[in-house]
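Have a look at my_file.tsv; it's TSV, C-alpha atoms and all ligand atoms:
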```tsv
chain	number	residue	atom	x	y	z
A	18	MET	CA	-18.43	-18.17	32.68
A	19	ASN	CA	-20.89	-16.77	30.16
A	20	SER	CA	-21.93	-14.06	32.59
A	21	ILE	CA	-18.40	-12.56	32.52
A	22	GLU	CA	-17.91	-9.96	29.85
A	23	LYS	CA	-14.82	-10.76	27.82
A	24	GLN	CA	-11.96	-8.24	28.07
A	25	ASN	CA	-9.74	-7.08	25.23
A	26	ILE	CA	-6.38	-8.75	25.85
A	27	LEU	CA	-4.58	-6.11	23.77
A	28	ASN	CA	-5.00	-3.68	26.68
A	29	TYR	CA	-2.47	-5.39	28.95
A	30	LEU	CA	1.24	-4.80	29.44
A	31	PRO	CA	3.45	-7.88	30.02
A	32	GLU	CA	3.43	-7.40	33.80
A	33	GLU	CA	-0.36	-7.17	33.80
A	34	LEU	CA	-0.56	-10.31	31.68
A	35	GLU	CA	1.72	-12.04	34.17
A	36	ALA	CA	-0.78	-11.42	36.94
A	37	ILE	CA	-3.58	-12.75	34.75
A	38	ILE	CA	-1.61	-15.87	33.81
A	39	SER	CA	-0.64	-16.54	37.44
A	40	GLU	CA	-4.28	-16.32	38.44
A	41	LEU	CA	-5.04	-18.97	35.86
A	42	GLY	CA	-2.42	-21.15	37.56
A	43	GLU	CA	0.12	-20.98	34.74
A	44	LYS	CA	3.82	-20.05	34.61
A	45	LYS	CA	4.57	-16.35	34.32
A	46	PHE	CA	6.85	-16.68	31.28
A	47	ARG	CA	3.76	-17.43	29.21
A	48	ALA	CA	2.86	-13.75	29.52
A	49	SER	CA	5.83	-12.66	27.36
A	50	GLN	CA	5.02	-15.32	24.80
A	51	ILE	CA	1.40	-14.19	24.58
A	52	PHE	CA	2.40	-10.51	24.42
A	53	GLY	CA	4.79	-11.37	21.58
A	54	TRP	CA	2.06	-13.16	19.63
A	55	LEU	CA	-0.31	-10.23	20.06
A	56	ALA	CA	2.29	-7.81	18.64
A	57	LYS	CA	2.64	-10.14	15.64
A	58	GLY	CA	-1.02	-9.45	14.96
A	59	VAL	CA	-2.61	-12.87	15.62
A	60	SER	CA	-6.38	-12.63	15.70
A	61	CYS	CA	-7.22	-15.83	17.62
A	62	PHE	CA	-5.71	-17.61	20.61
A	63	ASP	CA	-5.33	-20.87	18.69
A	64	ASP	CA	-2.68	-19.21	16.50
A	65	MET	CA	-0.41	-18.94	19.59
A	66	LYS	CA	1.37	-22.15	18.72
A	67	ASN	CA	3.67	-22.51	21.76
A	68	ILE	CA	0.90	-21.87	24.29
A	69	PRO	CA	-0.64	-25.02	25.82
A	70	ALA	CA	-4.14	-25.81	24.58
A	71	ALA	CA	-5.64	-25.63	28.09
A	72	LEU	CA	-4.33	-22.09	28.62
A	73	ARG	CA	-5.53	-21.04	25.18
A	74	ALA	CA	-8.99	-22.33	26.08
A	75	ASP	CA	-8.93	-20.49	29.44
A	76	LEU	CA	-7.95	-17.26	27.71
A	77	GLU	CA	-10.57	-17.71	25.01
A	78	GLU	CA	-13.24	-17.96	27.69
A	79	ARG	CA	-12.30	-14.68	29.36
A	80	TYR	CA	-10.64	-12.53	26.70
A	81	TYR	CA	-10.86	-11.55	23.06
A	82	ILE	CA	-8.24	-10.09	20.71
A	83	GLY	CA	-9.67	-6.72	19.73
A	84	ILE	CA	-8.42	-6.27	16.18
A	85	PRO	CA	-10.96	-4.06	14.39
A	86	GLU	CA	-12.56	-4.87	11.09
A	87	ALA	CA	-11.97	-2.59	8.10
A	88	VAL	CA	-15.53	-1.69	7.11
A	89	ARG	CA	-14.46	0.86	4.51
A	90	ARG	CA	-11.17	1.28	2.73
A	91	GLN	CA	-9.84	3.78	0.21
A	92	GLU	CA	-6.53	3.59	-1.60
A	93	SER	CA	-4.81	6.51	-3.26
A	94	LYS	CA	-2.50	6.34	-6.27
A	95	ASP	CA	0.33	7.58	-4.04
A	96	GLY	CA	0.07	4.52	-1.77
A	97	THR	CA	-1.97	6.17	0.98
A	98	VAL	CA	-4.55	3.80	2.46
A	99	LYS	CA	-7.37	5.14	4.57
A	100	CYS	CA	-9.51	2.76	6.61
A	101	LEU	CA	-12.67	3.02	8.61
A	102	PHE	CA	-12.14	0.50	11.38
A	103	GLU	CA	-14.96	-0.91	13.47
A	104	PHE	CA	-14.45	-2.39	16.93
A	105	ALA	CA	-16.56	-5.19	18.43
A	106	ASP	CA	-19.07	-2.75	19.99
A	107	GLY	CA	-19.65	-0.97	16.68
A	108	THR	CA	-17.42	2.04	17.48
A	109	GLN	CA	-15.81	3.37	14.32
A	110	VAL	CA	-12.54	5.28	13.84
A	111	GLU	CA	-10.32	6.23	10.94
A	112	SER	CA	-6.66	5.38	10.39
A	113	VAL	CA	-4.42	6.37	7.50
A	114	PHE	CA	-1.33	4.58	6.18
A	115	MET	CA	1.19	6.82	4.39
A	116	LYS	CA	4.45	6.24	2.55
A	117	TYR	CA	7.25	8.75	3.08
A	118	GLU	CA	10.90	8.79	2.00
A	119	TYR	CA	11.89	7.99	5.58
A	120	GLY	CA	9.54	5.02	5.82
A	121	ASN	CA	5.95	4.03	6.36
A	122	SER	CA	3.79	5.87	8.81
A	123	ILE	CA	0.30	5.51	10.25
A	124	CYS	CA	-2.01	8.18	11.57
A	125	ILE	CA	-4.23	6.70	14.27
A	126	SER	CA	-7.28	7.93	16.18
A	127	SER	CA	-7.42	8.34	19.95
A	128	GLN	CA	-11.19	8.81	20.21
A	129	SER	CA	-14.25	8.12	18.08
A	130	GLY	CA	-15.48	11.63	17.38
A	131	CYS	CA	-14.19	14.58	19.40
A	132	ARG	CA	-15.56	17.17	21.80
A	133	MET	CA	-13.08	19.98	21.13
A	134	GLY	CA	-15.29	21.60	18.51
A	135	CYS	CA	-12.70	23.10	16.11
A	136	THR	CA	-14.85	24.73	13.45
A	137	PHE	CA	-12.84	23.50	10.43
A	138	CYS	CA	-12.63	19.84	11.49
A	139	ALA	CA	-14.87	16.95	10.40
A	140	SER	CA	-14.17	14.71	13.40
A	141	THR	CA	-15.95	16.96	15.81
A	142	LEU	CA	-19.18	17.51	13.83
A	143	ASP	CA	-21.13	14.89	15.80
A	144	GLY	CA	-19.32	15.37	19.12
A	145	LEU	CA	-17.58	12.63	21.06
A	146	ASP	CA	-18.70	9.04	20.76
A	147	ARG	CA	-16.13	7.55	23.16
A	148	SER	CA	-12.42	7.44	23.96
A	149	LEU	CA	-10.36	4.46	22.82
A	150	THR	CA	-8.33	2.23	25.08
A	151	GLY	CA	-4.57	1.88	24.64
A	152	GLY	CA	-5.15	-1.57	23.16
A	153	GLU	CA	-7.59	-0.17	20.62
A	154	MET	CA	-5.03	2.40	19.53
A	155	LEU	CA	-2.41	-0.35	19.14
A	156	ALA	CA	-4.95	-2.51	17.30
A	157	GLN	CA	-5.21	0.12	14.53
A	158	VAL	CA	-1.48	-0.28	13.85
A	159	LEU	CA	-1.70	-4.09	13.90
A	160	ALA	CA	-4.77	-4.14	11.65
A	161	MET	CA	-3.25	-1.69	9.14
A	162	ARG	CA	0.03	-3.64	9.01
A	163	LYS	CA	-1.88	-6.82	8.25
A	164	LEU	CA	-4.09	-5.15	5.66
A	165	THR	CA	-1.24	-3.46	3.76
A	166	GLY	CA	1.38	-6.17	4.34
A	167	GLU	CA	3.84	-3.34	5.05
A	168	ASP	CA	6.02	-2.58	8.05
A	169	ILE	CA	5.02	0.56	9.94
A	170	GLY	CA	7.87	2.41	11.68
A	171	HIS	CA	6.22	5.72	12.59
A	172	VAL	CA	2.99	6.46	14.40
A	173	VAL	CA	1.30	9.83	14.56
A	174	VAL	CA	-1.65	10.31	16.89
A	175	MET	CA	-3.34	12.84	14.63
A	176	GLY	CA	-6.50	11.06	13.60
A	177	MET	CA	-9.91	11.50	15.14
A	178	GLY	CA	-10.09	12.81	18.68
A	179	GLU	CA	-7.99	14.81	21.11
A	180	PRO	CA	-5.29	12.54	22.57
A	181	PHE	CA	-4.86	14.69	25.68
A	182	ASP	CA	-8.61	14.36	26.36
A	183	ASN	CA	-7.85	10.63	26.62
A	184	TYR	CA	-4.53	10.80	28.46
A	185	ASP	CA	-4.90	7.39	30.12
A	186	GLY	CA	-5.60	5.63	26.83
A	187	LEU	CA	-2.77	7.55	25.14
A	188	SER	CA	-0.15	6.75	27.77
A	189	LYS	CA	-1.16	3.10	27.83
A	190	PHE	CA	-0.83	2.99	24.05
A	191	ILE	CA	2.67	4.48	24.14
A	192	ARG	CA	3.76	1.94	26.76
A	193	LEU	CA	2.23	-0.94	24.82
A	194	ILE	CA	3.75	-0.11	21.44
A	195	HIS	CA	7.16	0.77	22.93
A	196	GLU	CA	7.40	-2.49	24.91
A	197	LYS	CA	10.49	-4.48	23.90
A	198	LYS	CA	8.72	-7.83	24.07
A	199	GLY	CA	6.09	-6.58	21.67
A	200	TYR	CA	6.03	-4.06	18.81
A	201	ASP	CA	9.15	-2.37	20.17
A	202	LEU	CA	8.59	1.01	18.50
A	203	GLY	CA	11.08	3.75	19.45
A	204	LEU	CA	9.60	6.67	21.39
A	205	ARG	CA	11.09	9.12	18.90
A	206	ASN	CA	9.07	7.44	16.18
A	207	ILE	CA	5.84	8.52	17.82
A	208	THR	CA	4.23	11.96	17.45
A	209	VAL	CA	1.25	13.19	19.43
A	210	SER	CA	-0.79	16.19	18.32
A	211	THR	CA	-2.88	18.28	20.70
A	212	CYS	CA	-5.20	21.24	20.33
A	213	GLY	CA	-3.56	22.69	23.45
A	214	LEU	CA	-4.76	21.21	26.75
A	215	ILE	CA	-2.14	22.93	28.89
A	216	PRO	CA	-2.11	20.74	32.04
A	217	LYS	CA	-1.55	17.67	29.88
A	218	ILE	CA	1.28	19.30	27.92
A	219	ARG	CA	3.07	19.66	31.27
A	220	GLU	CA	2.31	16.06	32.27
A	221	PHE	CA	3.42	14.77	28.89
A	222	ALA	CA	6.77	16.59	29.09
A	223	VAL	CA	7.50	14.69	32.30
A	224	ASP	CA	6.04	11.31	31.33
A	225	PHE	CA	7.22	11.04	27.71
A	226	PRO	CA	9.99	13.56	26.98
A	227	GLN	CA	11.19	11.51	23.99
A	228	VAL	CA	7.86	11.39	22.19
A	229	ASN	CA	7.42	14.19	19.62
A	230	LEU	CA	4.81	16.82	20.37
A	231	ALA	CA	2.80	18.80	17.83
A	232	VAL	CA	0.51	21.63	18.87
A	233	SER	CA	-2.35	22.75	16.66
A	234	LEU	CA	-2.08	26.52	16.63
A	235	HIS	CA	-3.88	27.64	13.48
A	236	ALA	CA	-3.75	31.33	14.44
A	237	PRO	CA	-1.18	33.99	15.38
A	238	ASN	CA	-3.21	35.43	18.27
A	239	GLN	CA	-5.95	34.76	20.80
A	240	LYS	CA	-8.68	36.66	18.97
A	241	LEU	CA	-8.35	34.66	15.77
A	242	ARG	CA	-7.71	31.35	17.54
A	243	GLU	CA	-10.90	31.73	19.55
A	244	GLN	CA	-12.89	32.02	16.33
A	245	THR	CA	-11.94	28.56	15.10
A	246	MET	CA	-10.86	26.70	18.24
A	247	PRO	CA	-13.24	26.81	21.25
A	248	VAL	CA	-10.46	25.32	23.41
A	249	ALA	CA	-8.78	28.73	23.25
A	250	GLY	CA	-11.56	30.06	25.49
A	251	LYS	CA	-10.34	27.79	28.26
A	252	TYR	CA	-6.60	27.85	27.57
A	253	GLY	CA	-5.52	31.24	26.28
A	254	TYR	CA	-2.86	31.93	23.67
A	255	ASP	CA	-0.24	33.44	25.95
A	256	ASP	CA	-0.59	30.64	28.50
A	257	LEU	CA	-0.34	28.05	25.73
A	258	MET	CA	2.83	29.67	24.41
A	259	GLN	CA	4.27	29.72	27.91
A	260	ALA	CA	3.49	26.00	28.39
A	261	CYS	CA	5.14	25.26	25.05
A	262	ARG	CA	8.25	27.17	26.05
A	263	GLU	CA	8.41	25.26	29.31
A	264	TYR	CA	8.01	22.04	27.33
A	265	THR	CA	11.02	22.83	25.15
A	266	GLU	CA	13.09	23.88	28.16
A	267	LEU	CA	12.25	20.73	30.08
A	268	THR	CA	12.65	18.25	27.24
A	269	GLY	CA	15.16	19.98	24.96
A	270	ARG	CA	12.85	18.99	22.11
A	271	ARG	CA	11.42	21.29	19.52
A	272	ILE	CA	7.67	21.57	19.16
A	273	THR	CA	5.92	21.38	15.82
A	274	PHE	CA	3.18	23.97	15.44
A	275	GLU	CA	0.47	22.97	13.03
A	276	TYR	CA	-1.16	25.74	11.06
A	277	ALA	CA	-4.03	24.86	8.72
A	278	VAL	CA	-4.11	27.66	6.18
A	279	ILE	CA	-7.69	28.80	5.61
A	280	ASP	CA	-8.63	31.20	2.82
A	281	GLY	CA	-9.47	34.66	4.13
A	282	VAL	CA	-9.29	33.55	7.75
A	283	ASN	CA	-5.66	33.13	8.81
A	284	ASP	CA	-3.64	33.30	5.56
A	285	SER	CA	-2.77	37.02	5.38
A	286	ALA	CA	0.73	38.49	5.39
A	287	ALA	CA	-0.17	40.21	8.65
A	288	CYS	CA	-0.96	36.82	10.23
A	289	ALA	CA	2.36	35.43	9.00
A	290	LYS	CA	4.27	38.41	10.42
A	291	GLU	CA	2.52	38.13	13.77
A	292	LEU	CA	3.19	34.40	13.97
A	293	ALA	CA	6.83	34.98	13.08
A	294	SER	CA	7.20	37.54	15.83
A	295	ARG	CA	5.78	35.02	18.30
A	296	LEU	CA	8.12	32.20	17.27
A	297	LYS	CA	11.33	34.03	16.45
A	298	GLY	CA	14.29	32.51	18.25
A	299	TRP	CA	12.36	29.44	19.45
A	300	LEU	CA	13.13	25.76	19.24
A	301	SER	CA	10.12	25.19	17.03
A	302	HIS	CA	8.93	24.24	13.60
A	303	VAL	CA	5.83	25.33	11.73
A	304	ASN	CA	3.94	22.87	9.58
A	305	LEU	CA	1.62	24.65	7.17
A	306	ILE	CA	-1.30	22.42	6.20
A	307	PRO	CA	-3.37	23.48	3.21
A	308	LEU	CA	-6.89	23.07	4.63
A	309	ASN	CA	-8.74	19.91	3.66
A	310	GLU	CA	-12.16	21.14	2.71
A	311	VAL	CA	-14.87	19.40	4.71
A	312	ARG	CA	-18.44	18.89	3.59
A	313	GLY	CA	-20.65	20.70	6.09
A	314	ARG	CA	-18.03	23.38	6.81
A	315	GLU	CA	-17.84	26.62	4.87
A	316	TYR	CA	-14.05	27.10	4.95
A	317	LYS	CA	-11.99	27.07	1.77
A	318	THR	CA	-8.38	26.06	1.40
A	319	ALA	CA	-5.94	28.94	0.98
A	320	ASN	CA	-4.55	29.20	-2.52
A	321	GLY	CA	-1.00	28.08	-3.29
A	322	LYS	CA	0.19	31.67	-3.70
A	323	SER	CA	-0.83	32.79	-0.22
A	324	VAL	CA	0.61	29.62	1.35
A	325	ALA	CA	3.93	30.26	-0.42
A	326	ALA	CA	3.93	33.91	0.68
A	327	PHE	CA	3.11	32.89	4.25
A	328	LYS	CA	6.01	30.43	4.23
A	329	LYS	CA	8.39	33.04	2.86
A	330	ILE	CA	7.57	35.51	5.62
A	331	LEU	CA	8.21	32.90	8.32
A	332	GLU	CA	11.48	31.86	6.67
A	333	SER	CA	12.75	35.39	6.32
A	334	ASN	CA	12.23	35.76	10.07
A	335	GLY	CA	14.28	32.66	10.79
A	336	VAL	CA	11.30	30.43	11.63
A	337	ALA	CA	11.67	26.82	10.44
A	338	VAL	CA	8.72	25.95	8.24
A	339	THR	CA	7.49	23.23	5.90
A	340	VAL	CA	4.34	22.88	3.87
A	341	ARG	CA	2.78	19.50	4.48
A	342	ARG	CA	2.84	17.30	1.42
A	343	THR	CA	-0.72	16.49	0.50
A	344	LEU	CA	-1.09	12.73	0.45
A	345	GLY	CA	-4.25	10.93	-0.52
A	346	SER	CA	-5.82	14.01	-2.06
A	347	ASP	CA	-7.77	11.78	-4.44
A	348	ILE	CA	-9.49	10.07	-1.48
A	349	ASP	CA	-11.45	11.46	1.49
A	350	ALA	CA	-8.30	12.83	3.07
A	351	ALA	CA	-9.62	15.06	5.83
A	352	CYS	CA	-9.95	13.31	9.16
A	353	GLY	CA	-13.44	12.25	10.08
A	354	GLN	CA	-14.75	12.38	6.51
A	355	LEU	CA	-14.78	8.66	5.85
A	356	ARG	CA	-16.91	7.95	8.90
A	357	ARG	CA	-19.43	10.60	7.88
A	358	ASN	CA	-19.66	9.73	4.20
A	359	ARG	CA	-21.33	6.42	4.75
A	401	LIG	N1	-6.97	16.86	18.38
A	401	LIG	C1	-5.63	16.86	17.94
A	401	LIG	C2	-5.29	15.87	16.83
A	401	LIG	C3	-6.26	15.63	15.74
A	401	LIG	S1	-6.30	16.49	14.23
A	401	LIG	C4	-5.21	18.25	17.54
A	401	LIG	O1	-6.04	19.13	17.52
A	401	LIG	O2	-4.02	18.46	17.27
A	401	LIG	C5	-4.69	16.59	13.54
A	401	LIG	C6	-4.46	17.93	12.89
A	401	LIG	O3	-5.31	18.14	11.75
A	401	LIG	C7	-4.73	19.09	13.82
A	401	LIG	O4	-3.73	20.06	13.67
A	401	LIG	C8	-6.05	19.60	13.32
A	401	LIG	O5	-6.28	20.92	13.72
A	401	LIG	C9	-5.87	19.43	11.84
A	401	LIG	N2	-7.12	19.48	11.06
A	401	LIG	C10	-8.36	19.17	11.46
A	401	LIG	N3	-9.22	19.37	10.45
A	401	LIG	C11	-8.51	19.79	9.40
A	401	LIG	C12	-8.83	20.16	8.07
A	401	LIG	N4	-10.07	20.12	7.63
A	401	LIG	N5	-7.82	20.52	7.26
A	401	LIG	C13	-6.54	20.55	7.71
A	401	LIG	N6	-6.17	20.23	8.94
A	401	LIG	C14	-7.15	19.86	9.78
```

Using structure tokens, write down the structure that the file contains.
Amino acid sequence: MNSIEKQNILNYLPEELEAIISELGEKKFRASQIFGWLAKGVSCFDDMKNIPAALRADLEERYYIGIPEAVRRQESKDGTVKCLFEFADGTQVESVFMKYEYGNSICISSQSGCRMGCTFCASTLDGLDRSLTGGEMLAQVLAMRKLTGEDIGHVVVMGMGEPFDNYDGLSKFIRLIHEKKGYDLGLRNITVSTCGLIPKIREFAVDFPQVNLAVSLHAPNQKLREQTMPVAGKYGYDDLMQACREYTELTGRRITFEYAVIDGVNDSAACAKELASRLKGWLSHVNLIPLNEVRGREYKTANGKSVAAFKKILESNGVAVTVRRTLGSDIDAACGQLRRNR
């Protein structure tokens, strides 16, 4: 048995577990019991009290429960907790726990590193390490819940990585966390953020119409977007806008457009007016994010005045807009920073 590499049991849906359990010569109903224990966050098979010892031993021989270890942890005065999690193979990702009026939320990573190359982002500085499995994405939620002792009712896939560059892992994660026998998280309590991989936006609209979609726009036109987001070279602005319109038509859901406001780059009144003209009359919402300054990147955060003016211009054109509340500003808030500041 030692020659078999152990598999992470968090990667399996109940029906997949059933097949595994049947192969081990056990009754199928054990699969739901095991799935339930995993969603509770147990970290060893012996904690699965109603599972016969022989089955626990069989599982132990072939599988492991891939809850990551928190190798670094920062806590902010506002309750935000940021963790650097390390999986069994040494892969590291960041996750952030946040408290909002509507409940607790976690921002999870979909990849370790990223290959999208946005010039203002810390996660992409060293390129892509590897994509995470669905189970590893779920494990971040389980580990954070255990560490904070708090319930987590909202998940945003806005940490390290591009979720649509790991569509298989992402869709498995959504199925795992939504599963009734397990964590049972509502689809509307999940938000996925993409830099704009058009074919996947279309796939996502069909596969998960109830999951919220955020699109990182960060510019009012192609020329400016290309300067900070290399992905724009492959998927142009007009095509992206068209895909977003189709998404809203197909799903009836509004899209959130993220716009990191960068001093002297995309924070002018002209940019705001151009963005407003693009979004006028749409089922959309703009989330202005004061840039988190990243060591190793030259960009500066836009000052409060220009953010407020930007917001006003959008509002006066009937575009729904909010400025993201800055949480955890006293810790390494920008994604990818914790991993780099070792
Ligand atoms: N790859 C996905 C999700 C990861 S990042 C995406 O691009 O949407 C989540 C959001 O944070 C994105 O909108 C991203 O552009 C933004 N972001 C990245 N670095 C940032 C920084 N330094 N300051 C503010 N926002 C940043």

### Query
Expressed in Å to a single decimal, how great is the separation between CA of Tyr254 in chain A and atom C2 of ligand LIG 401 (chain A)?
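One can read the CA of Tyr254 in chain A to atom C2 of ligand LIG 401 (chain A) distance as 17.6 Å.
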
### Exercise answer, 8 Å around ligand LIG 401 (chain A) with only C-alpha atoms and all ligand atoms, as a ChimeraX atom specification
/A:126,131,133,135,137-140,174-181,209-213,231-235,275-278,306-311,351-352

### Query
To one decimal place, how far is CA of Glu22 in chain A from CA of Ile84 in chain A in Å?
17.0 Å

### Query
Which residue out of A:Leu204, A:Leu55, A:Leu27, A:Cys288 has the minimum interatomic distance to His171 in chain A when all atoms listed in the file are used?
A:Leu204

### Task
Calculate how many Å separate CA of Leu300 in chain A from CA of Arg271 in chain A, rounding to one decimal.
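It comes out at 4.8 Å.
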
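Considering only C-alpha atoms, the residue among A:Lys317, A:Lys297, A:Lys217, A:Lys322 positioned nearest to Ala337 in chain A is A:Lys297.
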
#### Entry: Nearest-residue call for Glu103 in chain A, choices A:Cys61, A:Ile123, A:Leu257, A:Leu149, using only C-alpha atoms
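Closest to Glu103 in chain A of all the choices is A:Leu149.
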
### Query
Could you name the residues that touch Ala156 in chain A at 8 Å or less, counting all atoms listed in the file, but leaving out those on the same chain fewer than 3 positions away, as a list of chain:residue names?
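Residues near the query, excluding close chain neighbours: A:Leu27, A:Gly83, A:Ile84, A:Pro85, A:Gly152, A:Glu153, A:Leu159, A:Ala160.
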
### Query
Of the candidates A:Ile38, A:Leu241, A:Ala236, A:Val110, which shows the shortest atom-to-atom distance to Asp146 in chain A, using only C-alpha atoms?
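Closest candidate: A:Val110.
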
### Task
Dig up all the protein and nucleic acid residues within 12 Å of (3.6, 0.3, 26.2) in the file frame, using only C-alpha atoms, and format them as JSON, numbers by chain.
{"A": [27, 28, 29, 30, 31, 32, 33, 52, 56, 151, 152, 154, 155, 185, 186, 187, 188, 189, 190, 191, 192, 193, 194, 195, 196, 197, 198, 199, 200, 201, 202, 203, 204, 207, 225]}

### Query
Of the candidates A:Val340, A:Ala87, A:Ala287, A:Ala293, which shows the shortest atom-to-atom distance to Ser112 in chain A, using all atoms listed in the file?
A:Ala87

### Message
Counting only C-alpha atoms, I want the residues whose atoms come within 12 Å of (-1.0, 29.1, 26.5) in the file frame, returned as number ranges by chain.
### Response
A: 212-219, 232-234, 238-239, 242, 248-264

Output C-alpha atoms for every residue in the selection just made, as a tab-separated table (two decimals), in the frame of the given file.
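Full text of result_1.tsv as output:
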```
chain	number	residue	atom	x	y	z
A	212	CYS	CA	-5.20	21.24	20.33
A	213	GLY	CA	-3.56	22.69	23.45
A	214	LEU	CA	-4.76	21.21	26.75
A	215	ILE	CA	-2.14	22.93	28.89
A	216	PRO	CA	-2.11	20.74	32.04
A	217	LYS	CA	-1.55	17.67	29.88
A	218	ILE	CA	1.28	19.30	27.92
A	219	ARG	CA	3.07	19.66	31.27
A	232	VAL	CA	0.51	21.63	18.87
A	233	SER	CA	-2.35	22.75	16.66
A	234	LEU	CA	-2.08	26.52	16.63
A	238	ASN	CA	-3.21	35.43	18.27
A	239	GLN	CA	-5.95	34.76	20.80
A	242	ARG	CA	-7.71	31.35	17.54
A	248	VAL	CA	-10.46	25.32	23.41
A	249	ALA	CA	-8.78	28.73	23.25
A	250	GLY	CA	-11.56	30.06	25.49
A	251	LYS	CA	-10.34	27.79	28.26
A	252	TYR	CA	-6.60	27.85	27.57
A	253	GLY	CA	-5.52	31.24	26.28
A	254	TYR	CA	-2.86	31.93	23.67
A	255	ASP	CA	-0.24	33.44	25.95
A	256	ASP	CA	-0.59	30.64	28.50
A	257	LEU	CA	-0.34	28.05	25.73
A	258	MET	CA	2.83	29.67	24.41
A	259	GLN	CA	4.27	29.72	27.91
A	260	ALA	CA	3.49	26.00	28.39
A	261	CYS	CA	5.14	25.26	25.05
A	262	ARG	CA	8.25	27.17	26.05
A	263	GLU	CA	8.41	25.26	29.31
A	264	TYR	CA	8.01	22.04	27.33
```

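Compared by their closest atoms to Asn304 in chain A, and using all atoms listed in the file, the residues A:Phe274, A:Phe114, A:Phe102, A:Tyr119 rank with A:Phe274 nearest.
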
Fewer than 4 positions away in the same chain doesn't count, so skip those; otherwise give me all residues within 7 Å of Glu35 in chain A, counting all atoms listed in the file, as a CSV table (one decimal) with C-alpha atoms, in the frame of the given file.
```csv
chain,number,residue,atom,x,y,z
A,31,PRO,CA,3.4,-7.9,30.0
A,39,SER,CA,-0.6,-16.5,37.4
A,45,LYS,CA,4.6,-16.4,34.3
A,48,ALA,CA,2.9,-13.8,29.5
```

### Message
Report as a ChimeraX atom specification all protein, DNA and RNA residues lying within 12 Å of Glu332 in chain A, evaluated on only C-alpha atoms, omitting residues in the same chain fewer than 4 positions from it.
### Response
/A:289-290,292-294,296-298,302-303,325-328,336-340
